[in-house]
Amino acid sequence: MEPRSSFPHPSSRPSLGKRHQVNNGGDGDDDDAHNVEYSFAIEYSGPPVGYDIPRAVPIAVDEIPVAAPVASSSLLKDSSLPVIQPIKKSTPVGRKPSREPKLSSESSISSSSLTGSGASSTGPNMSRVVPTQVDSNGASGRLTGNYCKVKSSEGRRSSGRLKSLDSQCNSCESLDCVIGVESTPKLSGLIGASGKLERPDCHDNMHLSVELPDDNRGEADVGFQDYMNPGNSESTGSGSSSHAVSSEAFSSKEEDLNEEETPCHAKRPSVVTFRDPDPSDVVLEESEYSEVESNQARPQAERPGKKGSCYRCLKGNRFIEKEVCIVCGAKYCFNCLLRAMGSMPEGRKCVTCIGFSIDDAKRGTLGKASRMLRRLLTEMEVKHIMGSEISCPANQLPPERVSVNGEALSGEKLHILQSCPNPPKKLNPGHYWYDRVSGFWGKVGQKPCQIISPQLNVGGQIDRKASNGNTDILINNREITKKELLMLKLARVPCEGKPHFWLSADGSYQEEGMKQIKGHIWSNSTIKLVCALLSLPTPPDSVDSGGDELNGANRSYPEHKALCKFLLLGDTKSGTSTIYKQAKLLFNVPFSEDERQNIKVMIQSNLYRYIGIVLEGREQFEEECMIERRKKLVIDQPGPSGQMDEKTLYSISPQLKAFSDWLLKVMASGNLEVIFPAATREYAPFVEELSKDAAFQATYLRRNELDMLPSVATYFLERAVEISRTTYEPSDLDILYAEGITSSHGLSCMEFLFPKPPHQSSIESEYQNYDSSLRHQLIRVHPRNLGENCKWLEMFEDVDIVLFCVSLTDYDEFFEDKNGVLTNKMLASRQLFEKIITHPTFKDKTFLLLLNKFDMLEEKLEQSPLTKCEWFRDFNPVISHNYHNGSRRNNNAPRAQYAFHYIALQFKRLFNSLTDHKLFVSLVTGLEQETVDEALRYAREILNWDEEQCNYTNNESSYDFEASSSS
Ligand SMILES: Nc1nc2c(ncn2[C@@H]2O[C@H](COP(=O)(O)OP(=O)(O)OP(=O)(O)O)[C@@H](O)[C@H]2O)c(=O)[nH]1
Ligand SMILES: [Ca+2]
């Protein structure tokens, strides 16, 4: 590698060749310095300056020794290791060195690396360091030190390897050290109360003492120079200081490195001294000052190079791994890290940032070693550094910056908070609210984020508006947020009349002023799921009084793990619950006992409903029969009506008639679901009797005439007797065919993994490139749970994709609303679709339209044309001979395919006109597992695509409906 610069003297001749831009005149104006890679120094021709002009000494580039690349240990033994010789300097702060460094012949470290002041330290390859700014001048104090410095081959991974304090210094023994003795200023975190830092070392000539002025660390600074960077005249990154220092570097003894080598590196102790800070050096501009002050004088790095590059060498881009300073945010690449951060006595901080409090945003990373650090250092070293990062005083959270219920904490209160059994996670300076009774904890103005230990004597009284709720419902005197209200509703906590609840830590709640406990919010097994879904906290397991299932549910929702969320939505009866259940079967997510129980009750109550529909039909048929018979009677026996046989094919026994009347009454009242499962036990015998009844059978044979009877009813009615028994256990297929999931609430959530592809070596790459460990969540919500104008949609802001389900068979179906107006179901579906895609929460969300019940489409099209729906009025398919089926299902007749493509296109146009995005479409038959599988994989695929790849046309047909429909 070419040694890149010599040190220019501002008033000397223009130097030869490339070098760093320097700070001409030492006036602190180095605006160019950080964005110009190289420039020529020009002769100073300005007004005379009132101080000694610091001087830098040019260095003959070819005199700088460069170590041969060390390829192996054997090679190492033969190579001579150049060592930096001591250079004594004494330079006024803020000025350039006036004395020329004495370079030993064999080390001749570039002087730029050793001079303290602006000229050298603000080379282009470092974060900007400005004498008038405190922010880049970090570590403060007076520093004296001895460093060993050995030049090693540039760019070797192991170069610069740090010997941490606690680990045995093996610079004398190991290869690592031979490469690594250029190492560090071993600032090993021994800043004592006096501020004096003494570092014990096995090399008695390698010690360092740092005196930190107690009064103002920020003002003084340490001019660490390029002791970590021999042979490379790039300046020392943020380790350098703009303030002048006097420094002495010394070389370590050659014998330390390799006993057999000629002693070309004398073991000569020398000292680096830094002059006392001169207050005049630090000039804070007003704006900067207040900023700095409010930030506790925390330095903030300015990136000297282009975006993504290393802050020190300016090389690389955002894709290369970097380590970040937890104070100023400067990022360093592998090669520069140790040079910029030294021995990291306070963890990952630039040398100049030592002593400063850390960036709160990085508090979460404290003590978590990066991969890069592990690669760079030994396990011991990493452990030690991470230990200091967590425990050193400078990195601790300042208690007064944490306020709870409006009270700033004392050190003692902070300790109480942090040492309780369930402390707040990721505690940062900020304003928090704490509900001492229930343990709910959150940021002021926000919903609860955690349930911590209750009853801690921390903070003041909770404010009603602490979480900025606007529901008029209070829990322990705090007005809850909308999400919490939804959670309470789903937990079936009655919230009518804006109650004020008293909620204790175990989840039991009562209304204010009442003695009686009304329930236990965590006892409902779905509530934890709901909370996970709504990103609300659940109690820590120890408080949990729930059973295994509860814990199980909790376990499967650990916090903030990579999770891909699919939200499944659709209008009534579009088939969302069928698809949801299909997914459960598909991905082997078992139904819990609870779910099975619910489904059983639901299937049974549905059975009674189907029976009711048949019985209603029977009444109708019977009546029709009677009318017929009367007509006949009149024709056959005119005159006064004679005796007529009251019995018809559709007549039933009085007992059954009574049951029928009761059932129809209950159905009409809408209470069918309410009276089950109790009714099952009581009325099962009637089901058995009915199933044998001729009238019922006759009606059943005419079931096609019963509009109200869904097609799946047959499946269950065939087995009516079995199902009506209390001993009935629904099979998976029963569950799939059952209408709905549970009868209680319309919110379900499951988690699954896409199984690994069966044949790994398959050429088809369809299933490749996926992280098979990525967990997916499928959330199904019924529209009636979305509330007025879909206001609850905002609860699902973090889903990754919305699967909107539409039943293809809806086009000719109508429903009557409250006002007796008939509405086409397809149009109703479209309306819901529009509402959802234009909802602010879902702006820019990815949508996949699932066009469902394809199995029924062809049959239906035979009976009624697609144009029955006014939206599809211009459907005019031209079925050509060379019809090519571009879709994945070929077994359906072209007519249904055409209809599907046309409907898909209508939705796509609508979507595009409203959102400017592209709608993805998938064809589904909810009752066929394979199609659901395909649709869900397609959803995953969509999410996997890069944006530019989003021109996928799988679902766009090879024929053009624009043409056919406009003709
Ligand atoms: N033939 C056929 N029937 C289906 C298909 N998908 C769903 N169904 C039936 O359509 C009916 C409604 O389906 P659900 O899954 O209950 O619809 P939903 O979206 O949950 O609607 P709600 O009942 O309002 O919650 C059920 O009887 C299903 O068995 C399908 O692909 N083909
Ligand atoms: Ca349903």
# chains A, B, ... in the order shown; residues from 1 in each chain; ligands from 1
call {"tool": "residues_near_ligand", "arguments": {"ligand": "ligand 2", "cutoff": "7 Å", "atoms": "only C-alpha atoms and all ligand atoms", "output": "number ranges by chain"}}
result
A: 573, 575-577, 739-741
call {"tool": "write_last_selection", "arguments": {"atoms": "C-alpha atoms", "output": "mmCIF file, in the first residue's frame"}}
result
data_model
loop_
_atom_site.group_PDB
_atom_site.id
_atom_site.type_symbol
_atom_site.label_atom_id
_atom_site.label_comp_id
_atom_site.auth_asym_id
_atom_site.auth_seq_id
_atom_site.Cartn_x
_atom_site.Cartn_y
_atom_site.Cartn_z
ATOM 1 C CA LYS A 573 -69.984 -15.527 3.765
ATOM 2 C CA GLY A 575 -65.368 -17.856 2.804
ATOM 3 C CA THR A 576 -62.724 -16.338 5.065
ATOM 4 C CA SER A 577 -63.292 -18.727 7.908
ATOM 5 C CA GLU A 739 -69.869 -22.241 8.868
ATOM 6 C CA GLY A 740 -67.689 -20.000 10.926
ATOM 7 C CA ILE A 741 -64.886 -20.655 13.309
#
call {"tool": "residues_near_ligand", "arguments": {"ligand": "ligand 1", "cutoff": "6 Å", "atoms": "only C-alpha atoms and all ligand atoms", "output": "VMD selection string"}}
result
chain A and resid 570 572 to 578 712 737 739 to 740 782 852 to 853 855 to 856 925 to 927
call {"tool": "write_last_selection", "arguments": {"atoms": "N, CA, C and O atoms", "output": "PDB file, in the first residue's frame"}}
result
ATOM      1  N   GLY A 570     -62.942 -10.224   4.459  1.00  0.00           N
ATOM      2  CA  GLY A 570     -63.893 -10.443   3.376  1.00  0.00           C
ATOM      3  C   GLY A 570     -65.291 -10.182   3.881  1.00  0.00           C
ATOM      4  O   GLY A 570     -65.527 -10.178   5.090  1.00  0.00           O
ATOM      5  N   THR A 572     -69.329 -10.843   4.514  1.00  0.00           N
ATOM      6  CA  THR A 572     -70.041 -11.984   5.089  1.00  0.00           C
ATOM      7  C   THR A 572     -70.141 -13.127   4.079  1.00  0.00           C
ATOM      8  O   THR A 572     -70.440 -12.898   2.916  1.00  0.00           O
ATOM      9  N   LYS A 573     -69.859 -14.296   4.545  1.00  0.00           N
ATOM     10  CA  LYS A 573     -69.984 -15.527   3.765  1.00  0.00           C
ATOM     11  C   LYS A 573     -69.069 -15.601   2.533  1.00  0.00           C
ATOM     12  O   LYS A 573     -69.296 -16.390   1.633  1.00  0.00           O
ATOM     13  N   SER A 574     -68.062 -14.774   2.520  1.00  0.00           N
ATOM     14  CA  SER A 574     -67.152 -14.839   1.381  1.00  0.00           C
ATOM     15  C   SER A 574     -66.266 -16.076   1.472  1.00  0.00           C
ATOM     16  O   SER A 574     -65.695 -16.506   0.479  1.00  0.00           O
ATOM     17  N   GLY A 575     -66.148 -16.633   2.660  1.00  0.00           N
ATOM     18  CA  GLY A 575     -65.368 -17.856   2.804  1.00  0.00           C
ATOM     19  C   GLY A 575     -64.083 -17.683   3.608  1.00  0.00           C
ATOM     20  O   GLY A 575     -63.216 -18.550   3.585  1.00  0.00           O
ATOM     21  N   THR A 576     -63.975 -16.570   4.330  1.00  0.00           N
ATOM     22  CA  THR A 576     -62.724 -16.338   5.065  1.00  0.00           C
ATOM     23  C   THR A 576     -62.490 -17.376   6.148  1.00  0.00           C
ATOM     24  O   THR A 576     -61.367 -17.817   6.349  1.00  0.00           O
ATOM     25  N   SER A 577     -63.560 -17.760   6.837  1.00  0.00           N
ATOM     26  CA  SER A 577     -63.292 -18.727   7.908  1.00  0.00           C
ATOM     27  C   SER A 577     -62.939 -20.085   7.326  1.00  0.00           C
ATOM     28  O   SER A 577     -62.132 -20.813   7.903  1.00  0.00           O
ATOM     29  N   THR A 578     -63.494 -20.401   6.184  1.00  0.00           N
ATOM     30  CA  THR A 578     -63.126 -21.666   5.547  1.00  0.00           C
ATOM     31  C   THR A 578     -61.636 -21.646   5.175  1.00  0.00           C
ATOM     32  O   THR A 578     -60.917 -22.615   5.421  1.00  0.00           O
ATOM     33  N   VAL A 712     -73.592 -26.408   2.262  1.00  0.00           N
ATOM     34  CA  VAL A 712     -72.911 -27.316   3.200  1.00  0.00           C
ATOM     35  C   VAL A 712     -73.887 -28.006   4.145  1.00  0.00           C
ATOM     36  O   VAL A 712     -73.524 -28.968   4.818  1.00  0.00           O
ATOM     37  N   TYR A 737     -65.992 -27.699   7.129  1.00  0.00           N
ATOM     38  CA  TYR A 737     -67.267 -27.423   6.477  1.00  0.00           C
ATOM     39  C   TYR A 737     -68.196 -26.571   7.335  1.00  0.00           C
ATOM     40  O   TYR A 737     -69.147 -25.992   6.845  1.00  0.00           O
ATOM     41  N   GLU A 739     -69.854 -23.668   9.183  1.00  0.00           N
ATOM     42  CA  GLU A 739     -69.869 -22.241   8.868  1.00  0.00           C
ATOM     43  C   GLU A 739     -69.330 -21.480  10.069  1.00  0.00           C
ATOM     44  O   GLU A 739     -69.886 -21.536  11.148  1.00  0.00           O
ATOM     45  N   GLY A 740     -68.271 -20.785   9.838  1.00  0.00           N
ATOM     46  CA  GLY A 740     -67.689 -20.000  10.926  1.00  0.00           C
ATOM     47  C   GLY A 740     -66.603 -20.744  11.655  1.00  0.00           C
ATOM     48  O   GLY A 740     -66.315 -21.907  11.379  1.00  0.00           O
ATOM     49  N   HIS A 782     -63.724 -10.740  10.987  1.00  0.00           N
ATOM     50  CA  HIS A 782     -65.023 -10.605  10.349  1.00  0.00           C
ATOM     51  C   HIS A 782     -65.371  -9.122  10.247  1.00  0.00           C
ATOM     52  O   HIS A 782     -65.105  -8.364  11.170  1.00  0.00           O
ATOM     53  N   ASN A 852     -62.901 -16.482  -4.454  1.00  0.00           N
ATOM     54  CA  ASN A 852     -63.194 -17.770  -3.834  1.00  0.00           C
ATOM     55  C   ASN A 852     -64.435 -18.449  -4.431  1.00  0.00           C
ATOM     56  O   ASN A 852     -65.199 -17.838  -5.177  1.00  0.00           O
ATOM     57  N   LYS A 853     -64.590 -19.681  -4.085  1.00  0.00           N
ATOM     58  CA  LYS A 853     -65.701 -20.549  -4.491  1.00  0.00           C
ATOM     59  C   LYS A 853     -65.734 -20.755  -6.009  1.00  0.00           C
ATOM     60  O   LYS A 853     -66.800 -20.780  -6.620  1.00  0.00           O
ATOM     61  N   ASP A 855     -65.196 -23.356  -7.499  1.00  0.00           N
ATOM     62  CA  ASP A 855     -65.828 -24.642  -7.821  1.00  0.00           C
ATOM     63  C   ASP A 855     -67.298 -24.502  -8.189  1.00  0.00           C
ATOM     64  O   ASP A 855     -67.840 -25.301  -8.937  1.00  0.00           O
ATOM     65  N   MET A 856     -67.926 -23.458  -7.661  1.00  0.00           N
ATOM     66  CA  MET A 856     -69.353 -23.311  -7.919  1.00  0.00           C
ATOM     67  C   MET A 856     -69.661 -22.391  -9.095  1.00  0.00           C
ATOM     68  O   MET A 856     -70.814 -22.242  -9.490  1.00  0.00           O
ATOM     69  N   THR A 925     -60.446 -22.046  -4.172  1.00  0.00           N
ATOM     70  CA  THR A 925     -61.633 -22.775  -3.758  1.00  0.00           C
ATOM     71  C   THR A 925     -61.367 -23.164  -2.318  1.00  0.00           C
ATOM     72  O   THR A 925     -60.556 -24.051  -2.041  1.00  0.00           O
ATOM     73  N   GLY A 926     -62.015 -22.445  -1.448  1.00  0.00           N
ATOM     74  CA  GLY A 926     -61.724 -22.594  -0.022  1.00  0.00           C
ATOM     75  C   GLY A 926     -61.801 -24.024   0.471  1.00  0.00           C
ATOM     76  O   GLY A 926     -61.085 -24.408   1.393  1.00  0.00           O
ATOM     77  N   LEU A 927     -62.659 -24.807  -0.153  1.00  0.00           N
ATOM     78  CA  LEU A 927     -62.821 -26.171   0.317  1.00  0.00           C
ATOM     79  C   LEU A 927     -61.732 -27.091  -0.231  1.00  0.00           C
ATOM     80  O   LEU A 927     -61.645 -28.243   0.185  1.00  0.00           O
TER      81      LEU A 927
END
call {"tool": "select_by_dssp", "arguments": {"residues": "segment 350-503 of chain A", "states": "strand (DSSP E)", "output": "count of residues only"}}
result
26
call {"tool": "atom_distance", "arguments": {"atom1": "atom CA of Ser913 of chain A", "atom2": "atom CA of Glu813 of chain A"}}
result
26.0 Å
call {"tool": "select_by_dssp", "arguments": {"residues": "segment 504-739 of chain A", "states": "helix (DSSP H, G or I)", "output": "ChimeraX atom specification"}}
result
/A:521-523,527-534,548-555,576-586,593-636,654-669,672-675,678-692,694-701,703-705,713-717,720-724,732-737
call {"tool": "residues_around", "arguments": {"residues": "Arg830 of chain A", "least_positions_apart": "4", "cutoff": "9 Å", "atoms": "only C-alpha atoms", "output": "list in words"}}
result
Asp571, Val806, Lys825, Met826, Glu834, Lys835 and Phe907 of chain A
call {"tool": "atom_distance", "arguments": {"atom1": "atom CA of Leu377 of chain A", "atom2": "atom CA of Val324 of chain A"}}
result
15.9 Å
call {"tool": "residues_around", "arguments": {"residues": "Asp435 of chain A", "least_positions_apart": "4", "cutoff": "9 Å", "atoms": "only C-alpha atoms", "output": "PyMOL selection string"}}
result
chain A and resi 405+439-442+454-455+461-462+475-478
call {"tool": "write_last_selection", "arguments": {"atoms": "C-alpha atoms", "output": "compact mmCIF listing (two decimals), in the first residue's frame"}}
result
# COMPACT_ATOMS: atom_id res chain seq x y z
CA ASN A 405 -46.25 9.75 36.27
CA GLY A 439 -48.53 -3.02 36.71
CA PHE A 440 -49.43 -1.52 33.34
CA TRP A 441 -46.58 0.55 32.03
CA GLY A 442 -46.23 2.75 29.01
CA PRO A 454 -47.02 -3.85 40.46
CA GLN A 455 -46.89 -1.90 43.69
CA GLN A 461 -50.18 9.65 40.84
CA ILE A 462 -51.25 8.40 37.46
CA ILE A 475 -58.91 1.36 34.36
CA ASN A 476 -57.40 2.31 37.69
CA ASN A 477 -58.08 5.96 36.95
CA ARG A 478 -56.48 5.96 33.54
call {"tool": "atom_distance", "arguments": {"atom1": "atom CA of Leu914 of chain A", "atom2": "atom CA of Cys749 of chain A"}}
result
28.9 Å
call {"tool": "closest_residue", "arguments": {"among": "A:Gly612, A:Leu586, A:Ser438, A:Gly430", "to": "Thr931 of chain A", "atoms": "only C-alpha atoms"}}
result
A:Leu586
call {"tool": "residues_around", "arguments": {"residues": "Val493 of chain A", "least_positions_apart": "3", "cutoff": "8 Å", "atoms": "only C-alpha atoms", "output": "PyMOL selection string"}}
result
chain A and resi 488-490+519+521
call {"tool": "residues_around", "arguments": {"residues": "Ser772 of chain A", "least_positions_apart": "2", "cutoff": "7 Å", "atoms": "only C-alpha atoms", "output": "ChimeraX atom specification"}}
result
/A:753-756,770,774
call {"tool": "write_last_selection", "arguments": {"atoms": "N, CA and C atoms", "output": "compact mmCIF listing (two decimals), in the first residue's frame"}}
result
# COMPACT_ATOMS: atom_id res chain seq x y z
N LEU A 753 -45.57 -21.89 9.96
CA LEU A 753 -44.35 -21.84 9.15
C LEU A 753 -44.67 -22.53 7.84
N PHE A 754 -44.16 -22.01 6.77
CA PHE A 754 -44.30 -22.74 5.52
C PHE A 754 -43.34 -23.93 5.60
N PRO A 755 -43.86 -25.11 5.37
CA PRO A 755 -42.95 -26.25 5.46
C PRO A 755 -41.88 -26.17 4.38
N LYS A 756 -40.77 -26.80 4.67
CA LYS A 756 -39.68 -26.82 3.69
C LYS A 756 -40.16 -27.55 2.44
N TYR A 770 -36.62 -18.65 0.23
CA TYR A 770 -37.43 -18.25 1.36
C TYR A 770 -36.78 -18.72 2.63
N LEU A 774 -39.08 -18.28 8.90
CA LEU A 774 -39.86 -17.06 9.11
C LEU A 774 -41.27 -17.43 9.53
call {"tool": "residues_around", "arguments": {"residues": "Ile473 of chain A", "least_positions_apart": "4", "cutoff": "12 Å", "atoms": "only C-alpha atoms", "output": "compact mmCIF listing (two decimals) with N, CA, C and O atoms, in the first residue's frame"}}
result
# COMPACT_ATOMS: atom_id res chain seq x y z
N ARG A 464 -55.18 10.76 34.48
CA ARG A 464 -56.26 10.15 33.70
C ARG A 464 -55.89 10.07 32.21
O ARG A 464 -56.18 9.12 31.50
N LYS A 465 -55.22 11.10 31.75
CA LYS A 465 -54.90 11.15 30.32
C LYS A 465 -53.49 10.60 30.00
O LYS A 465 -52.95 10.87 28.93
N ASN A 468 -53.28 8.96 26.86
CA ASN A 468 -53.97 9.69 25.80
C ASN A 468 -55.20 8.95 25.28
O ASN A 468 -55.53 9.03 24.10
N GLY A 469 -55.85 8.23 26.18
CA GLY A 469 -57.05 7.50 25.76
C GLY A 469 -58.24 8.44 25.61
O GLY A 469 -58.28 9.52 26.19
N ASN A 477 -58.14 4.50 37.12
CA ASN A 477 -58.08 5.96 36.95
C ASN A 477 -57.39 6.43 35.68
O ASN A 477 -57.15 7.62 35.52
N ARG A 478 -57.06 5.54 34.81
CA ARG A 478 -56.48 5.96 33.54
C ARG A 478 -57.49 5.68 32.44
O ARG A 478 -58.06 4.60 32.36
N GLU A 479 -57.69 6.66 31.59
CA GLU A 479 -58.62 6.48 30.48
C GLU A 479 -57.93 5.61 29.44
O GLU A 479 -56.86 5.95 28.93
N ILE A 480 -58.57 4.49 29.12
CA ILE A 480 -57.87 3.53 28.26
C ILE A 480 -57.94 3.92 26.79
O ILE A 480 -58.76 4.73 26.38
N THR A 481 -57.07 3.30 26.02
CA THR A 481 -56.99 3.60 24.60
C THR A 481 -57.97 2.70 23.83
O THR A 481 -58.52 1.75 24.37
N LYS A 482 -58.14 3.03 22.57
CA LYS A 482 -59.08 2.27 21.75
C LYS A 482 -58.70 0.80 21.66
O LYS A 482 -59.54 -0.09 21.67
N LYS A 483 -57.41 0.55 21.51
CA LYS A 483 -56.98 -0.84 21.40
C LYS A 483 -57.33 -1.61 22.66
O LYS A 483 -57.73 -2.77 22.59
N GLU A 484 -57.12 -0.96 23.80
CA GLU A 484 -57.45 -1.65 25.04
C GLU A 484 -58.94 -1.92 25.14
O GLU A 484 -59.37 -2.97 25.62
N LEU A 485 -59.73 -0.97 24.63
CA LEU A 485 -61.17 -1.16 24.65
C LEU A 485 -61.55 -2.37 23.79
O LEU A 485 -62.34 -3.21 24.20
N LEU A 486 -60.93 -2.47 22.63
CA LEU A 486 -61.21 -3.60 21.77
C LEU A 486 -60.82 -4.90 22.47
O LEU A 486 -61.53 -5.90 22.43
N LEU A 488 -60.76 -5.40 25.68
CA LEU A 488 -61.76 -5.70 26.71
C LEU A 488 -63.01 -6.31 26.09
O LEU A 488 -63.58 -7.26 26.62
N LYS A 489 -63.38 -5.75 24.94
CA LYS A 489 -64.59 -6.27 24.30
C LYS A 489 -64.39 -7.72 23.89
O LYS A 489 -65.27 -8.55 24.05
N VAL A 493 -65.51 -8.32 28.40
CA VAL A 493 -65.72 -7.51 29.59
C VAL A 493 -66.78 -6.47 29.20
O VAL A 493 -66.59 -5.74 28.25
N PRO A 494 -67.87 -6.46 29.89
CA PRO A 494 -68.93 -5.53 29.48
C PRO A 494 -68.50 -4.07 29.66
O PRO A 494 -68.07 -3.67 30.74
N CYS A 495 -68.56 -3.34 28.57
CA CYS A 495 -68.07 -1.97 28.62
C CYS A 495 -69.18 -0.94 28.39
O CYS A 495 -68.90 0.22 28.14
N GLU A 496 -70.42 -1.40 28.47
CA GLU A 496 -71.52 -0.46 28.26
C GLU A 496 -71.58 0.51 29.43
O GLU A 496 -71.26 0.16 30.56
N GLY A 497 -71.98 1.71 29.14
CA GLY A 497 -72.14 2.70 30.20
C GLY A 497 -70.83 3.26 30.70
O GLY A 497 -70.75 3.78 31.82
N LYS A 498 -69.79 3.17 29.89
CA LYS A 498 -68.49 3.78 30.22
C LYS A 498 -68.04 3.48 31.66
O LYS A 498 -67.89 4.38 32.48
N PRO A 499 -67.90 2.23 31.96
CA PRO A 499 -67.56 1.89 33.35
C PRO A 499 -66.14 2.31 33.74
O PRO A 499 -65.29 2.53 32.89
N HIS A 500 -65.96 2.45 35.02
CA HIS A 500 -64.62 2.67 35.58
C HIS A 500 -64.23 1.39 36.29
O HIS A 500 -64.88 0.97 37.24
N PHE A 501 -63.16 0.79 35.79
CA PHE A 501 -62.77 -0.49 36.36
C PHE A 501 -61.63 -0.34 37.33
O PHE A 501 -60.82 0.58 37.24
N TRP A 502 -61.59 -1.30 38.19
CA TRP A 502 -60.47 -1.45 39.08
C TRP A 502 -59.85 -2.79 38.72
O TRP A 502 -60.46 -3.84 38.87
N GLU A 511 -65.98 -3.24 39.12
CA GLU A 511 -66.31 -1.85 38.83
C GLU A 511 -66.04 -1.01 40.06
O GLU A 511 -66.17 -1.48 41.19
N GLU A 512 -65.64 0.19 39.79
CA GLU A 512 -65.29 1.09 40.87
C GLU A 512 -66.45 1.20 41.85
O GLU A 512 -67.60 1.34 41.45
